[in-house]
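Asks: Structure below; questions to follow.
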Amino acid sequence: MSTHSRTDSPGAGPASDAQAQAQADRYWLNYAVQLAHRSVPSPSAYCVGAVLVATINTTRTCSASGYSRELPGNTHAEEVCYVKIQRGMTNPHVDPAAGVTDADYTWSDQFARFVTLYTTMEPCSERLSGRGPCTKHSLALGVRRVVMGIAEPQDIFVKCTGVSTLMDAGVAVVVVEGMEDECWAPNRHIRPTYKA
Ligand SMILES: [Zn+2]
């Protein structure tokens, strides 16, 4: 099944907008968890899954999905989503396995304002190597809403400030309660249980 054809199914019954949104948030975050498990484990980086969901009228559709190191070059899950969108919009003939370059960060389409980023873990604010952090890319690309499962642990690699940076910039950040174990599960090789 193509991830691009995936839409959520809010179900029958008189759900309020807020209930429908909460239900959709849990649905898409669960999908991001499934993606995170596809990441090849690394001792020096997390296994994360991410989904970009476009809401047009009331229909939510997956626009791109990604997981850690899916594309070459120690790529992050959110970054993989952005690169896929950008390449699909501007040049669908780019080899999807080609290395990521600065040219992959020129996405400026109005599309962004309809988009929610779902990610199993807080978008990074600092990268020990390589390209700019996912928080910076999310802001540059105009993402207005981020839904996540867990904050990045503060005592493993870096002290992440992704959430506060996003909120300071006016991005709505939602933490889905009760999915800590699922979101951490692909990272048990780093630490057996989740601790912020
Ligand atoms: Zn990142």
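Chains: A, B, ... in order of the structure tokens. Residues: from 1 per chain. Ligands: from 1, in order shown.
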Would you list the contacts of A:Asn30 as a PyMOL selection string, taking every protein, DNA or RNA residue within 12 Å and counting only C-alpha atoms, but skipping same-chain residues closer than 5 positions in sequence?

Replies: chain A and resi 8+23-25+35-37+48-51+118-120+147-149+176+178-183

Asks: Filtering to C-alpha atoms, could you give me those residues as a short mmCIF file (atom, residue, chain, number, x, y, z; two decimals), in the first residue's frame?

Replies:
data_model
loop_
_atom_site.label_atom_id
_atom_site.label_comp_id
_atom_site.auth_asym_id
_atom_site.auth_seq_id
_atom_site.Cartn_x
_atom_site.Cartn_y
_atom_site.Cartn_z
CA ASP A 8 -7.33 8.46 8.39
CA GLN A 23 -8.27 10.64 17.26
CA ALA A 24 -6.46 11.57 14.06
CA ASP A 25 -3.36 12.62 16.00
CA LEU A 35 7.92 3.69 10.48
CA ALA A 36 10.41 4.22 13.32
CA HIS A 37 10.79 0.46 13.63
CA VAL A 48 12.45 7.95 14.76
CA GLY A 49 9.47 7.86 12.45
CA ALA A 50 7.73 10.89 10.94
CA VAL A 51 4.71 11.62 8.77
CA TYR A 118 3.92 13.89 13.23
CA THR A 119 7.09 12.59 14.79
CA THR A 120 7.72 9.97 17.41
CA VAL A 147 2.47 16.39 17.05
CA MET A 148 4.94 14.17 18.88
CA GLY A 149 5.15 11.28 21.29
CA VAL A 176 0.10 12.78 22.59
CA GLY A 178 0.41 7.69 26.88
CA MET A 179 2.55 6.67 23.89
CA GLU A 180 5.95 7.02 25.54
CA ASP A 181 6.70 3.29 25.54
CA GLU A 182 5.69 2.81 21.89
CA CYS A 183 7.69 5.80 20.71
#

Asks: Around ligand 1, at most 10 Å away and counting only C-alpha atoms and all ligand atoms, which residues are there? Put them as an MDAnalysis selection string, please.

Replies: chainID A and resid 45:46 48 68 74:80 121:127 131:138 162

Asks: Identify, with DSSP run on backbone atoms, the residues in stretch 47-99 of chain A assigned to strand (DSSP E or B), and express the list as a ChimeraX atom specification.

Replies: /A:49-56,59-67

Asks: My list of candidates is A:Leu128, A:Ile150, A:Ala22, A:Leu117. Which is closest to A:Leu166 when distances are computed with only C-alpha atoms?

Replies: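 Selected residue with least distance to A:Leu166: A:Leu117.
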
Asks: Given the choices A:Ala140, A:Val173, A:Ala18, A:Thr193, which gets closest to A:Pro153 if the distance is worked out from only C-alpha atoms?

Replies: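 Among the listed residues, A:Thr193 lies closest to A:Pro153.
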
Asks: Rounded to one decimal place, report the atom CA of A:Tyr27-atom CA of A:Glu177 distance in Å.

Replies: 12.9 Å

Asks: Taking only chain A into account, list the residues labelled alpha helix (DSSP H) by DSSP (computed from the backbone), as a tab-separated table (two decimals) with C-alpha atoms, in the first residue's frame.

Replies:
chain	number	residue	atom	x	y	z
A	17	ASP	CA	-13.75	18.66	16.05
A	18	ALA	CA	-11.41	18.38	19.01
A	19	GLN	CA	-12.21	14.70	19.49
A	20	ALA	CA	-11.77	14.02	15.80
A	21	GLN	CA	-8.44	15.84	15.85
A	22	ALA	CA	-7.23	13.91	18.89
A	23	GLN	CA	-8.27	10.64	17.26
A	24	ALA	CA	-6.46	11.57	14.06
A	25	ASP	CA	-3.36	12.62	16.00
A	26	ARG	CA	-3.18	9.22	17.68
A	27	TYR	CA	-3.75	7.44	14.37
A	28	TRP	CA	-0.92	9.24	12.57
A	29	LEU	CA	1.47	9.00	15.49
A	30	ASN	CA	0.89	5.26	15.57
A	31	TYR	CA	1.80	5.15	11.91
A	32	ALA	CA	4.98	7.10	12.68
A	33	VAL	CA	5.84	4.49	15.33
A	34	GLN	CA	5.54	1.75	12.71
A	35	LEU	CA	7.92	3.69	10.48
A	36	ALA	CA	10.41	4.22	13.32
A	77	ALA	CA	12.96	11.04	9.85
A	78	GLU	CA	11.52	14.57	9.53
A	79	GLU	CA	14.25	15.52	7.10
A	80	VAL	CA	13.42	12.53	4.91
A	81	CYS	CA	9.79	13.73	4.71
A	82	TYR	CA	10.86	17.22	3.68
A	83	VAL	CA	13.30	15.99	1.08
A	84	LYS	CA	10.69	13.67	-0.45
A	85	ILE	CA	8.15	16.50	-0.69
A	86	GLN	CA	10.62	18.94	-2.14
A	87	ARG	CA	11.94	16.49	-4.71
A	88	GLY	CA	8.46	15.41	-5.70
A	89	MET	CA	7.31	18.99	-6.19
A	90	THR	CA	10.23	20.36	-8.08
A	134	CYS	CA	14.97	19.47	11.83
A	135	THR	CA	13.55	22.29	13.98
A	136	LYS	CA	15.22	24.83	11.74
A	137	HIS	CA	14.03	23.10	8.59
A	138	SER	CA	10.47	22.83	9.95
A	139	LEU	CA	10.37	26.58	10.60
A	140	ALA	CA	11.96	27.46	7.29
A	141	LEU	CA	9.43	25.33	5.44
A	162	GLY	CA	13.23	21.66	19.68
A	163	VAL	CA	9.86	22.13	21.38
A	164	SER	CA	10.64	25.50	22.96
A	165	THR	CA	12.15	26.78	19.71
A	166	LEU	CA	9.08	25.75	17.74
A	167	MET	CA	6.65	27.21	20.29
A	168	ASP	CA	8.60	30.47	20.50
A	180	GLU	CA	5.95	7.02	25.54
A	181	ASP	CA	6.70	3.29	25.54
A	182	GLU	CA	5.69	2.81	21.89
A	183	CYS	CA	7.69	5.80	20.71
A	184	TRP	CA	10.77	4.75	22.66

Asks: Let me make sure I understand: among A:Ala196, A:Thr59, A:Val40, A:Val115, which one has the smallest atom-to-atom distance to A:Cys160 if we use only C-alpha atoms?

Replies: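 Going through A:Ala196, A:Thr59, A:Val40, A:Val115 one by one, the smallest distance to A:Cys160 is for A:Ala196.
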
Asks: Nearest residue to A:Arg6 out of A:Ala169, A:Ala64, A:Ile56, A:Pro43, using only C-alpha atoms?

Replies: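 Looking at the shortest contact to A:Arg6, the residue is A:Ala64.
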
Asks: Neighbouring residues of A:Arg145 were defined as those with any atom within 6 Å, considering only C-alpha atoms; residues of the same chain fewer than 2 positions away were excluded. Please report them as a PyMOL selection string.

Replies: chain A and resi 116+143+171-173

Asks: What is the distance, in Å and to one decimal place, between atom CA of A:Gly142 and atom CA of A:Val53?

Replies: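 We find that atom CA of A:Gly142 and atom CA of A:Val53 lie 13.6 Å from each other.
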
Asks: Enter the distance from atom CA of A:Pro186 to atom CA of A:Gln154, in Å, rounded to one decimal.

Replies: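 Going from atom CA of A:Pro186 over to atom CA of A:Gln154, I get 17.7 Å.
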
Asks: Kindly indicate which residue among A:Ile190, A:Lys195, A:Ser16, A:Arg38 lies nearest to A:Tyr67, using only C-alpha atoms for the distances.

Replies: A:Arg38
